[in-house]
Each structure stands twice: as structure tokens, then as C-alpha cells.
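Source file work_31.tsv; content: TSV, C-alpha atoms.
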chain	number	residue	atom	x	y	z
F	9	MET	CA	-33.62	-13.88	-9.19
F	10	ALA	CA	-32.64	-12.31	-5.90
F	11	THR	CA	-31.55	-9.14	-7.67
F	12	ARG	CA	-34.89	-8.80	-9.48
F	13	LYS	CA	-36.87	-9.24	-6.26
F	14	ALA	CA	-34.80	-6.62	-4.55
F	15	LYS	CA	-35.55	-4.12	-7.31
F	16	SER	CA	-39.34	-4.73	-7.22
F	17	THR	CA	-40.52	-2.59	-4.31
F	18	ASP	CA	-44.20	-2.34	-5.30
F	19	GLY	CA	-46.12	-5.62	-5.62
F	20	ALA	CA	-48.89	-4.20	-7.81
F	21	ASP	CA	-46.50	-2.58	-10.24
F	22	ALA	CA	-44.45	-5.75	-10.37
F	23	GLY	CA	-47.51	-7.80	-11.27
F	24	LYS	CA	-48.60	-5.30	-13.87
F	25	GLY	CA	-45.20	-5.35	-15.43
F	26	ALA	CA	-45.23	-9.14	-15.56
F	27	LYS	CA	-48.59	-9.19	-17.37
F	28	SER	CA	-47.65	-6.63	-19.96
F	29	GLY	CA	-44.26	-8.21	-20.52
F	30	LYS	CA	-42.69	-4.76	-20.56
F	31	ARG	CA	-40.12	-3.37	-18.21
F	32	ALA	CA	-40.97	-0.25	-16.29
F	33	LYS	CA	-39.03	2.75	-17.51
F	34	LYS	CA	-36.43	4.01	-15.11
F	35	GLY	CA	-35.97	7.66	-14.39
F	36	PRO	CA	-32.93	9.43	-15.76
F	37	ALA	CA	-29.93	8.14	-13.80
F	38	THR	CA	-27.17	10.51	-12.88
F	39	LYS	CA	-24.02	9.36	-14.59
F	40	ARG	CA	-21.11	9.21	-12.18
F	41	THR	CA	-17.48	9.26	-13.28
F	42	ARG	CA	-15.73	5.99	-12.57
F	43	GLY	CA	-13.53	6.15	-9.49
F	44	LYS	CA	-15.48	8.98	-7.82
F	45	LEU	CA	-17.59	8.53	-4.70
F	46	ALA	CA	-21.09	9.91	-4.33
F	47	PRO	CA	-21.37	12.48	-1.52
F	48	GLY	CA	-23.78	11.95	1.35
F	49	ARG	CA	-27.34	13.07	0.72
F	50	SER	CA	-27.38	15.29	3.79
F	51	ALA	CA	-24.73	17.14	5.78
F	52	ARG	CA	-23.81	15.56	9.10
F	53	GLY	CA	-21.72	16.42	12.12
F	54	LEU	CA	-20.78	19.56	13.99
F	55	ASP	CA	-20.37	23.12	12.85
F	56	ALA	CA	-16.99	24.76	13.33
F	57	ALA	CA	-18.21	26.76	16.34
F	58	ASP	CA	-19.16	23.54	18.15
F	59	VAL	CA	-15.84	21.72	17.68
F	60	ALA	CA	-13.42	23.52	20.01
F	61	ILE	CA	-13.45	22.73	23.75
F	62	ALA	CA	-11.94	24.91	26.48
F	63	MET	CA	-9.15	23.20	28.40
F	64	ASP	CA	-10.96	23.74	31.73
F	65	SER	CA	-14.17	22.15	30.43
F	66	PRO	CA	-15.53	19.29	32.60
F	67	GLU	CA	-15.55	17.14	29.44
F	68	VAL	CA	-11.75	16.93	29.42
F	69	SER	CA	-10.56	18.24	32.80
F	70	GLU	CA	-10.07	14.76	34.24
F	71	VAL	CA	-8.02	13.64	31.23
F	72	ALA	CA	-5.96	16.84	31.40
F	73	ALA	CA	-5.15	16.10	35.04
F	74	LEU	CA	-4.05	12.55	34.15
F	75	VAL	CA	-1.80	13.89	31.41
F	76	ARG	CA	-0.10	16.35	33.78
F	77	ASN	CA	0.31	13.72	36.50
F	78	ALA	CA	2.00	11.45	33.97
F	79	GLY	CA	4.54	14.16	33.13
F	80	GLY	CA	2.86	15.21	29.89
F	81	ALA	CA	1.32	18.43	28.61
F	82	PRO	CA	-2.22	18.99	27.27
F	83	ILE	CA	-2.09	20.79	23.91
F	84	GLY	CA	-5.74	21.25	22.99
F	85	ALA	CA	-9.19	19.70	23.07
F	86	TYR	CA	-12.06	19.36	20.63
F	87	ARG	CA	-15.15	17.37	19.79
F	88	GLU	CA	-14.64	14.96	16.94
F	89	PRO	CA	-16.76	16.26	14.05
F	90	LEU	CA	-19.01	13.24	13.46
F	91	GLY	CA	-20.29	12.06	16.83
F	92	GLY	CA	-19.21	15.05	18.90
F	93	LYS	CA	-17.25	13.02	21.45
F	94	PRO	CA	-14.47	14.90	23.27
F	95	LEU	CA	-10.82	14.29	22.40
F	96	MET	CA	-7.60	15.77	23.74
F	97	LEU	CA	-4.35	16.29	21.87
F	98	ALA	CA	-1.47	15.94	24.30
F	99	SER	CA	2.22	15.24	24.63
F	100	LEU	CA	2.92	12.19	26.79
F	101	PRO	CA	6.15	10.63	28.06
F	102	LEU	CA	6.86	7.56	25.97
F	103	SER	CA	7.04	5.44	29.12
F	104	ALA	CA	3.49	6.46	30.11
F	105	VAL	CA	1.90	4.74	27.11
F	106	GLN	CA	1.51	0.99	26.75
F	107	PRO	CA	-0.11	-1.11	24.00
F	108	THR	CA	-3.35	-2.80	24.93
F	109	PRO	CA	-2.61	-6.30	26.27
F	110	PHE	CA	-4.78	-7.95	23.62
F	111	GLN	CA	-3.01	-6.50	20.56
F	112	ARG	CA	-1.20	-8.62	17.99
F	113	ASP	CA	2.44	-9.46	18.71
F	114	LEU	CA	5.05	-6.84	17.91
F	115	SER	CA	7.13	-7.29	14.76
F	116	PRO	CA	10.62	-5.98	15.62
F	117	THR	CA	11.53	-5.89	11.92
F	118	HIS	CA	8.56	-3.68	11.09
F	119	ALA	CA	9.19	-1.43	14.09
F	120	LYS	CA	12.84	-0.91	13.10
F	121	ARG	CA	11.93	-0.17	9.50
F	122	LEU	CA	9.26	2.27	10.64
F	123	ALA	CA	11.77	3.99	12.94
F	124	LEU	CA	14.20	4.29	10.05
F	125	LYS	CA	11.58	5.89	7.79
F	126	ILE	CA	10.46	8.29	10.53
F	127	ASP	CA	14.09	9.24	11.14
F	128	GLU	CA	14.62	9.85	7.41
F	129	THR	CA	11.53	12.07	7.37
F	130	ALA	CA	12.78	13.87	10.51
F	131	ALA	CA	9.21	14.15	11.79
F	132	PHE	CA	6.92	11.96	13.91
F	133	LEU	CA	3.65	13.04	12.29
F	134	ASP	CA	0.97	10.53	13.28
F	135	PRO	CA	-0.33	10.86	16.86
F	136	LEU	CA	-1.12	7.67	18.74
F	137	ILE	CA	-4.75	7.05	19.58
F	138	VAL	CA	-4.77	6.63	23.35
F	139	VAL	CA	-7.44	5.68	25.87
F	140	ARG	CA	-7.40	5.37	29.63
F	141	GLY	CA	-6.73	1.78	30.52
F	142	GLU	CA	-6.69	-0.14	33.78
F	143	ASP	CA	-5.34	1.58	36.91
F	144	GLY	CA	-5.37	4.96	35.13
F	145	ARG	CA	-2.67	3.96	32.65
F	146	PHE	CA	-2.68	5.11	29.04
F	147	TRP	CA	-3.28	2.44	26.44
F	148	THR	CA	-2.84	2.69	22.68
F	149	PRO	CA	-5.14	0.30	20.81
F	150	ASN	CA	-3.57	0.75	17.38
F	151	GLY	CA	-0.15	2.35	17.76
F	152	ARG	CA	2.05	-0.48	18.97
F	153	HIS	CA	4.61	-0.26	16.17
F	154	ARG	CA	4.74	3.56	16.23
F	155	LEU	CA	5.26	3.38	19.98
F	156	ALA	CA	8.06	0.84	19.50
F	157	ALA	CA	9.56	3.01	16.75
F	158	GLY	CA	9.57	5.93	19.18
F	159	LYS	CA	11.52	3.82	21.65
F	160	VAL	CA	14.02	2.85	18.94
F	161	LEU	CA	14.46	6.55	18.14
F	162	GLY	CA	14.87	7.39	21.84
F	163	LEU	CA	11.98	9.87	21.95
F	164	LYS	CA	11.24	11.52	25.28
F	165	GLN	CA	7.67	12.49	24.46
F	166	ILE	CA	5.12	11.29	21.95
F	167	THR	CA	2.04	13.03	20.60
F	168	ALA	CA	-1.24	11.35	21.47
F	169	LEU	CA	-4.90	11.81	20.68
F	170	ILE	CA	-6.62	10.83	23.92
F	171	SER	CA	-10.21	9.69	24.25
F	172	PRO	CA	-11.93	9.56	27.64
F	173	ASP	CA	-14.03	6.72	26.20
F	174	GLU	CA	-12.29	3.62	27.56
F	175	THR	CA	-14.42	1.27	25.45
F	176	LEU	CA	-12.75	2.64	22.33
F	177	ALA	CA	-9.87	0.27	23.05
F	178	TYR	CA	-12.17	-2.62	22.22
F	179	ARG	CA	-13.72	-1.02	19.16
F	180	ILE	CA	-10.61	0.28	17.43
F	181	LEU	CA	-10.32	-2.79	15.17
F	182	ALA	CA	-13.54	-1.75	13.48
F	183	LEU	CA	-11.81	1.46	12.37
F	184	ASN	CA	-8.77	-0.29	10.90
F	185	THR	CA	-10.41	-0.94	7.55
F	186	GLU	CA	-8.22	1.14	5.25
F	187	LYS	CA	-7.04	-0.92	2.30
F	188	ALA	CA	-3.34	-1.71	2.50
F	189	HIS	CA	-1.16	-0.58	-0.39
F	190	ASN	CA	-0.60	-3.40	-2.82
F	191	LEU	CA	2.20	-3.39	-5.39
F	192	ARG	CA	0.11	-1.59	-8.00
F	193	ASP	CA	-1.04	1.12	-5.58
F	194	ARG	CA	2.45	1.73	-4.25
F	195	SER	CA	3.96	1.85	-7.73
F	196	LEU	CA	1.40	4.33	-9.04
F	197	GLU	CA	1.80	6.53	-5.97
F	198	VAL	CA	5.58	6.57	-6.39
F	199	ILE	CA	5.55	7.39	-10.09
F	200	ARG	CA	3.03	10.20	-9.57
F	201	MET	CA	5.22	11.57	-6.81
F	202	ALA	CA	8.25	11.38	-9.11
F	203	ARG	CA	6.47	13.24	-11.91
F	204	SER	CA	5.42	15.99	-9.53
F	205	LEU	CA	8.96	16.34	-8.16
F	206	ALA	CA	10.37	16.39	-11.69
F	207	LYS	CA	8.24	19.43	-12.48
F	208	ARG	CA	9.19	21.25	-9.29
F	209	HIS	CA	12.85	20.22	-9.13
F	210	SER	CA	13.87	19.40	-12.69
F	211	THR	CA	17.60	19.40	-11.91
F	212	SER	CA	17.38	17.13	-8.86
F	213	LYS	CA	18.77	13.62	-9.23
F	214	GLU	CA	16.54	10.60	-8.87
F	215	SER	CA	18.89	9.16	-6.25
F	216	GLN	CA	18.12	12.11	-3.96
F	217	TYR	CA	14.66	10.70	-3.33
F	218	THR	CA	15.41	7.15	-2.25
F	219	ALA	CA	13.53	7.63	1.03
F	220	GLU	CA	10.45	9.00	-0.75
F	221	PHE	CA	10.39	6.38	-3.52
F	222	GLU	CA	11.39	3.41	-1.29
F	223	ALA	CA	12.48	1.15	-4.16
F	224	ALA	CA	13.73	1.83	-7.67
F	225	GLU	CA	11.59	-0.87	-9.26
F	226	LEU	CA	8.43	0.91	-8.10
F	227	LEU	CA	9.23	3.74	-10.52
F	228	THR	CA	9.48	1.38	-13.48
F	229	LEU	CA	6.43	-0.61	-12.43
F	230	GLY	CA	4.48	2.61	-11.90
F	231	ILE	CA	4.97	3.57	-15.54
F	232	VAL	CA	4.00	0.05	-16.62
F	233	TYR	CA	0.81	0.19	-14.54
F	234	GLU	CA	-0.03	3.56	-16.08
F	235	LYS	CA	0.11	1.92	-19.50
F	236	SER	CA	-1.55	-1.35	-18.45
F	237	SER	CA	-3.50	-1.36	-15.18
F	238	ARG	CA	-3.89	-5.16	-15.25
F	239	PHE	CA	-0.18	-5.86	-15.58
F	240	ALA	CA	0.97	-8.78	-13.43
F	241	GLY	CA	3.69	-6.87	-11.62
F	242	GLY	CA	4.16	-9.50	-8.95
F	243	ALA	CA	5.59	-11.93	-11.49
F	244	TYR	CA	8.30	-9.45	-12.52
F	245	SER	CA	9.00	-7.89	-9.13
F	246	SER	CA	11.77	-10.33	-8.18
F	247	PHE	CA	13.53	-9.74	-11.50
F	248	LEU	CA	13.35	-5.95	-11.18
F	249	LYS	CA	14.53	-5.94	-7.56
F	250	LYS	CA	17.79	-7.52	-8.69
F	251	VAL	CA	18.57	-5.18	-11.58
F	252	ASP	CA	16.70	-1.90	-11.05
F	253	ARG	CA	18.56	0.84	-9.18
F	254	PHE	CA	18.08	4.55	-8.54
F	255	SER	CA	19.66	6.70	-11.23
F	256	GLU	CA	22.22	9.47	-10.78
F	257	ARG	CA	20.56	11.33	-13.63
F	258	THR	CA	18.03	14.11	-13.12
F	259	LEU	CA	14.46	13.06	-12.54
F	260	THR	CA	13.45	14.34	-15.97
F	261	LEU	CA	16.06	12.24	-17.76
F	262	SER	CA	15.65	9.16	-15.58
F	263	LEU	CA	11.88	9.11	-16.07
F	264	ARG	CA	12.35	9.38	-19.82
F	265	GLU	CA	14.71	6.40	-19.67
F	266	ARG	CA	12.27	4.44	-17.51
F	267	GLU	CA	9.54	5.05	-20.08
F	268	GLY	CA	11.66	3.02	-22.50
F	269	HIS	CA	12.26	0.28	-19.94
F	270	ALA	CA	8.54	0.08	-19.18
F	271	SER	CA	7.67	-0.26	-22.89
F	272	ARG	CA	10.20	-3.07	-23.28
F	273	LEU	CA	8.83	-4.84	-20.22
F	274	LEU	CA	5.32	-4.69	-21.68
F	275	GLU	CA	6.62	-6.16	-24.95
F	276	ILE	CA	8.24	-9.01	-23.01
F	277	ASP	CA	5.00	-9.60	-21.12
F	278	ALA	CA	3.04	-9.70	-24.38
F	279	ARG	CA	5.35	-12.45	-25.64
F	280	ALA	CA	5.06	-14.23	-22.28
F	281	LYS	CA	1.26	-14.21	-22.64
F	282	LYS	CA	1.55	-15.92	-26.03
F	283	ILE	CA	3.80	-18.58	-24.49
F	284	ILE	CA	1.24	-19.11	-21.72
F	285	GLU	CA	-1.59	-19.43	-24.25
F	286	THR	CA	0.40	-22.07	-26.16
F	287	LEU	CA	1.07	-24.02	-22.99
F	288	GLN	CA	-2.59	-23.84	-22.00
F	289	ALA	CA	-3.57	-25.15	-25.41
F	290	ARG	CA	-1.28	-28.12	-24.75
F	291	GLY	CA	-3.13	-28.94	-21.54
F	292	PHE	CA	-1.13	-27.06	-18.91
F	293	LYS	CA	-3.69	-25.46	-16.60
F	294	SER	CA	-1.53	-24.54	-13.61
F	295	PRO	CA	-2.23	-21.14	-11.96
F	296	TYR	CA	1.56	-20.76	-11.76
F	297	LEU	CA	2.12	-20.73	-15.52
F	298	ARG	CA	2.98	-17.04	-15.63
F	299	ASN	CA	5.41	-17.33	-12.71
F	300	TYR	CA	7.02	-20.30	-14.39
F	301	VAL	CA	7.43	-18.62	-17.78
F	302	VAL	CA	8.78	-15.38	-16.28
F	303	ALA	CA	11.21	-17.36	-14.12
F	304	ARG	CA	12.44	-19.28	-17.18
F	305	ILE	CA	13.19	-16.08	-19.13
F	306	ASN	CA	14.62	-14.21	-16.13
F	307	PRO	CA	18.37	-13.78	-16.87
F	308	VAL	CA	19.26	-13.21	-13.20
F	309	ARG	CA	17.07	-15.83	-11.54
F	310	PHE	CA	20.07	-17.73	-10.15
F	311	HIS	CA	21.94	-14.66	-8.96
F	312	LYS	CA	22.31	-14.36	-5.20
F	313	ALA	CA	23.58	-11.04	-3.91
F	314	LYS	CA	26.31	-11.16	-1.31
F	315	LYS	CA	25.77	-9.40	1.99
F	316	GLY	CA	26.36	-5.68	1.60
F	317	ASP	CA	26.51	-5.87	-2.19
F	318	THR	CA	24.24	-3.22	-3.69
F	319	GLN	CA	25.46	-3.47	-7.28
F	320	PRO	CA	23.11	-5.21	-9.75
F	321	PRO	CA	24.37	-8.33	-11.55
F	322	MET	CA	23.82	-6.41	-14.80
F	323	PRO	CA	22.25	-3.10	-15.87
F	324	LEU	CA	18.49	-3.06	-16.31
F	325	ALA	CA	18.72	-2.34	-20.05
F	326	GLN	CA	20.99	-5.35	-20.58
F	327	ALA	CA	18.77	-7.57	-18.45
F	328	LEU	CA	15.71	-6.58	-20.49
F	329	THR	CA	17.57	-7.37	-23.73
F	330	ARG	CA	18.45	-10.85	-22.47
F	331	MET	CA	14.97	-11.40	-21.14
F	332	ALA	CA	13.41	-10.46	-24.49
F	333	ALA	CA	15.76	-12.86	-26.30
F	334	ALA	CA	14.90	-15.66	-23.87
F	335	ALA	CA	11.19	-15.06	-24.43
F	336	LYS	CA	11.67	-15.11	-28.20
F	337	ASN	CA	13.61	-18.40	-28.06
F	338	PHE	CA	11.40	-20.08	-25.45
F	339	LYS	CA	10.95	-23.81	-26.18
F	340	VAL	CA	7.47	-24.88	-25.16
F	341	ASP	CA	8.41	-28.53	-25.82
F	342	SER	CA	10.79	-28.39	-22.87
F	343	VAL	CA	8.03	-27.70	-20.32
F	344	SER	CA	6.94	-30.58	-18.12
F	345	SER	CA	4.33	-30.97	-15.40
F	346	ALA	CA	7.14	-31.66	-12.93
F	347	ASP	CA	8.61	-28.21	-13.63
F	348	LEU	CA	5.29	-26.55	-12.82
F	349	ALA	CA	4.96	-28.60	-9.66
F	350	TRP	CA	8.26	-27.20	-8.39
F	351	VAL	CA	7.07	-23.66	-9.11
F	352	ALA	CA	3.89	-24.35	-7.14
F	353	VAL	CA	5.95	-25.61	-4.20
F	354	GLY	CA	8.09	-22.47	-4.29
F	355	ALA	CA	5.06	-20.21	-4.45
F	356	GLY	CA	3.48	-22.01	-1.52
F	357	ALA	CA	6.63	-21.58	0.55
F	358	GLN	CA	6.62	-17.82	-0.12
F	359	GLU	CA	3.00	-17.54	0.96
Please re-express this file's structure in C-alpha cells.
Amino acid sequence: MATRKAKSTDGADAGKGAKSGKRAKKGPATKRTRGKLAPGRSARGLDAADVAIAMDSPEVSEVAALVRNAGGAPIGAYREPLGGKPLMLASLPLSAVQPTPFQRDLSPTHAKRLALKIDETAAFLDPLIVVRGEDGRFWTPNGRHRLAAGKVLGLKQITALISPDETLAYRILALNTEKAHNLRDRSLEVIRMARSLAKRHSTSKESQYTAEFEAAELLTLGIVYEKSSRFAGGAYSSFLKKVDRFSERTLTLSLREREGHASRLLEIDARAKKIIETLQARGFKSPYLRNYVVARINPVRFHKAKKGDTQPPMPLAQALTRMAAAAKNFKVDSVSSADLAWVAVGAGAQE
């Protein structure tokens, strides 16, 4: 009802349509390809000639002086292209920048991992957003972990995008709305990256790109998601982490092999779905049915890797063969409500 009211913008026309019992004809709608965003109806923001700001401009001269007094160096200044507010790109001593005092607590694990990835890339690419805080200090409202990563790396200077607008420190959370990468997004990004690299560097080994791909299982899952976008990758992630490793073959050959692994995994999942349907027909309605079934057919579910051991308990191909056999021989009569309760407890602990 609410939707219909919202669409009726003219009372007279709405009444006329109700009497006649006919719907008003809509104008020809422009068909938009799924996944594409409609552009804005009108152009907004600054022209190129209005963006650049001279370093001696009153708009940024005070900030430039603060940067120099802190032992940094102004690099350039410009007006941000939407609202036209002045910003300065500068190099600042790491010790001159502090996180805002009301930020979330630092995660040392995340900071160390971020430092490792930055070190592997050999480039600190993302500037910190910095504002002038209390007592003339520089605050970063959203760069706490990058700042900590810089300290782990022992950086002398860090690149910062400085805003003279101090209130930005309190409004930065409104800008942090970008959707985090979930397993599907990460996997698809990795497999697309791998395909592109395979075309450009056909003789390069897959193992040469461990830093770029992050985890071997993302390559396999990426192919699976390409074939089935609604695949429940989370249920199989634990299994793949234990047995999937980067290949010493060329990217072209390894991707061809992973195509086969992905097809086999989809076949296993199809059989798992049938098992789930049978269990549901018998009255099992737990949301953890898939996790339970996949755990039951997982041939390495009890394997615990020793510290420093990077070798899989068995090759991926062998693990898929055993998993397929376990799915084929699954005994639905052996499932009890108590088993599902334990799976629910385990899932709750992970959350």
C-alpha cells in the first residue's frame, strides 16, 4: 500500500485511474544494465582550472607553516573537487601525527599484518587524512592502523592529506561507508587478477604472486564463484585452507588445474544440497545444516597443523576425491539433533 501511495503523485489522476480500473501507462523506461550505476543528472563540482591552489595562498599558508614547524614538507595544495574546500598534501614526521583520542582501540595483529603487506608491496601508497587537533597537533581520524604500520616499518616520514577543517575529525565516520570485502568479493578479485597476470606473464609461476593473491584457496573459490555466484564458500573455506596451496606451475597451467578442482567442488556441493534437502524433509530445520554436512564429509576436519608446518595433510585433488566419496556414502540415518546442537555451539563460538 505504501508503495502505491508513493507512486501516485497527482490526486486527480489517481482518482480517475481508480474509477476506470485501468493503470496509467508509463513512459518508456530506459533499460539499465544490471550492475551499472546511473550517472548524475547534472555535472557538479569544480573545473580543472579551479582546483589547484598556490602554496602561498591564504587558504593554506597557515597549514603550510604548521607542517614546516613540525619538521615536514608541504608538497602541494588543491581544492577538493566536490565542495571546493582546501586540502594540502604534505610529508610529516611520523611522530607529529597522532590518532584522534576517540577512535576505536588499535588491533596490533591488524597493524602488523598491514605493515607486512605494505613492506611486501615496497610502497606506502595511501596518505593519511589529517586535521589540526588540539594544541596545534596533527590528528588522523581514520588512519590509526596505517600510522601504527608506519611505526612498525620504522618510517621517518609519512604522507598526509591535511584539511584545515578541524571539524572533519568528527565527521570522518560518515565517510567510512565503503563495503568491506567479503569472501566472495575477495575471491573474485583474486581470480580476475590471476587471469590478467596469466595473459601478461604466461611463464610466471603461481607461487610468485603469494603477496598479491593472499591465500591459495581464494583462487579456487574465485573460479567456483564465477560458475555459481550463490555458492556457500564460507562452509568450504576451512576445508580449503587446510589443503589448498600455491602451485609451482605456471599461472596458465595452475588455473587450468584449478578449473577442474572448482568443478569437482561444485559437484560435491550439489550432492551436499541433496543431503540437506533429505534432512529437512525428515524435520531437521537447523540453519547450521550445511555446515554440519560439509563438516561430516570433510576428510581433514580433525587435522591440526603443527606450528611452522606449511605442508597440507593431503593434496587438494586427493582431498576432493575423499570428500566426494564421503558425500556419496553419507548416512542420513546417523544424524541426530544433538549433533546439530554441537555445530550450532561451535558456530556461535566463532562468531
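Residues lying within 10 Å of Ala157 (chain F), counting all atoms listed in the file and ignoring same-chain neighbours fewer than 2 positions away, are Pro116, His118, Ala119, Lys120, Arg121, Leu122, Ala123, Leu124, Lys125, Ile126, Asp127, Phe132, Gly151, Arg152, His153, Arg154, Leu155, Lys159, Val160, Leu161, Gly162 and Leu163 of chain F.
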What is the distance between CA of Leu97 (chain F) and CA of Ala85 (chain F), in Å to one decimal?
6.0 Å
Near region 71-83 of chain F, 8 Å: region 158-258 of chain F residue rows, closest pairs, all atoms listed in the file, as JSON lines:
{"residue": "F:Gln165", "atom": "CA", "partner": "F:Gly80", "partner_atom": "CA", "distance": 7.7}
{"residue": "F:Ile170", "atom": "CA", "partner": "F:Val71", "partner_atom": "CA", "distance": 8.0}
{"residue": "F:Pro172", "atom": "CA", "partner": "F:Val71", "partner_atom": "CA", "distance": 6.7}
Which polymer residues have any atom within 8 Å of an atom of Pro135 (chain F), counting only C-alpha atoms, with same-chain residues fewer than 2 positions away left out, as an MDAnalysis selection string?
chainID F and resid 132:133 137 166:169
The selected residues should be written to file as a PDB file, in the coordinates of the input (atoms: C-alpha atoms).
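Saved to again.pdb:
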ATOM      1  CA  PHE F 132       6.920  11.960  13.910  1.00  0.00           C
ATOM      2  CA  LEU F 133       3.650  13.040  12.290  1.00  0.00           C
ATOM      3  CA  ILE F 137      -4.750   7.050  19.580  1.00  0.00           C
ATOM      4  CA  ILE F 166       5.120  11.290  21.950  1.00  0.00           C
ATOM      5  CA  THR F 167       2.040  13.030  20.600  1.00  0.00           C
ATOM      6  CA  ALA F 168      -1.240  11.350  21.470  1.00  0.00           C
ATOM      7  CA  LEU F 169      -4.900  11.810  20.680  1.00  0.00           C
TER       8      LEU F 169
END
Could you jot down the CA of Asp173 (chain F) to CA of Ala51 (chain F) separation for me, Å, one decimal place?
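Straight-line distance from CA of Asp173 (chain F) to CA of Ala51 (chain F) works out to 25.3 Å.
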Shell around Ser204 (chain F) at 10 Å using all atoms listed in the file, local window under 6 positions removed, as JSON, numbers by chain
{"F": [198, 210, 259]}
Pick from F:Leu114, F:Ala223, F:Leu102, F:Ala60, whichever lies nearest to Leu136 (chain F) using all atoms listed in the file:
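Of all the options, F:Leu102 lies closest to Leu136 (chain F).
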Which residue is closest to Lys281 (chain F)? Choose from F:Ala327, F:Val105, F:Ala333, F:Val302 and count all atoms listed in the file.
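For Lys281 (chain F), the nearest of the candidates is F:Val302.
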Mind pulling up the distance from CA of Leu90 (chain F) to CA of Arg52 (chain F)?
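Going from CA of Arg52 (chain F) over to CA of Leu90 (chain F), I get 6.9 Å.
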Skip Ile276 (chain F) itself and residues of its chain fewer than 4 positions away, then list as a list in words all residues within 8 Å of it, counting all atoms listed in the file.
Arg272, Ala280, Met331, Ala332 and Ala335 of chain F
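Here the selection is built from all atoms listed in the file, and the residues within 9 Å of (1.0, 1.4, -8.4) turn out to be His189, Asn190, Leu191, Arg192, Asp193, Arg194, Ser195, Leu196, Glu197, Val198, Ile199, Leu226, Leu227, Leu229, Gly230, Ile231, Val232, Tyr233, Glu234 and Ser237 of chain F.
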Counting all atoms listed in the file, find residues at most 12 Å from (-14.8, 20.4, 17.3) (file frame) and give them as an MDAnalysis selection string.
chainID F and resid 53:62 84:96
Writer output for current selection, C-alpha atoms, as a PDB file, keeping the file's coordinate frame:
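Result went into out_38.pdb, see below:
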ATOM      1  CA  GLY F  53     -21.720  16.420  12.120  1.00  0.00           C
ATOM      2  CA  LEU F  54     -20.780  19.560  13.990  1.00  0.00           C
ATOM      3  CA  ASP F  55     -20.370  23.120  12.850  1.00  0.00           C
ATOM      4  CA  ALA F  56     -16.990  24.760  13.330  1.00  0.00           C
ATOM      5  CA  ALA F  57     -18.210  26.760  16.340  1.00  0.00           C
ATOM      6  CA  ASP F  58     -19.160  23.540  18.150  1.00  0.00           C
ATOM      7  CA  VAL F  59     -15.840  21.720  17.680  1.00  0.00           C
ATOM      8  CA  ALA F  60     -13.420  23.520  20.010  1.00  0.00           C
ATOM      9  CA  ILE F  61     -13.450  22.730  23.750  1.00  0.00           C
ATOM     10  CA  ALA F  62     -11.940  24.910  26.480  1.00  0.00           C
ATOM     11  CA  GLY F  84      -5.740  21.250  22.990  1.00  0.00           C
ATOM     12  CA  ALA F  85      -9.190  19.700  23.070  1.00  0.00           C
ATOM     13  CA  TYR F  86     -12.060  19.360  20.630  1.00  0.00           C
ATOM     14  CA  ARG F  87     -15.150  17.370  19.790  1.00  0.00           C
ATOM     15  CA  GLU F  88     -14.640  14.960  16.940  1.00  0.00           C
ATOM     16  CA  PRO F  89     -16.760  16.260  14.050  1.00  0.00           C
ATOM     17  CA  LEU F  90     -19.010  13.240  13.460  1.00  0.00           C
ATOM     18  CA  GLY F  91     -20.290  12.060  16.830  1.00  0.00           C
ATOM     19  CA  GLY F  92     -19.210  15.050  18.900  1.00  0.00           C
ATOM     20  CA  LYS F  93     -17.250  13.020  21.450  1.00  0.00           C
ATOM     21  CA  PRO F  94     -14.470  14.900  23.270  1.00  0.00           C
ATOM     22  CA  LEU F  95     -10.820  14.290  22.400  1.00  0.00           C
ATOM     23  CA  MET F  96      -7.600  15.770  23.740  1.00  0.00           C
TER      24      MET F  96
END
Set the distance at 8 Å and use only C-alpha atoms: which residues neighbour region 243-245 of chain F once local chain neighbours fewer than 2 positions away are removed? I'd like the list as a list in words.
Glu225, Ala240, Gly241, Phe247, Leu248, Lys249, Arg298, Asn299 and Val302 of chain F
Which residue gives the smallest distance to Leu273 (chain F) among F:Thr228, F:Ser103, F:Val340, F:Pro295, with all atoms listed in the file counted?
F:Thr228
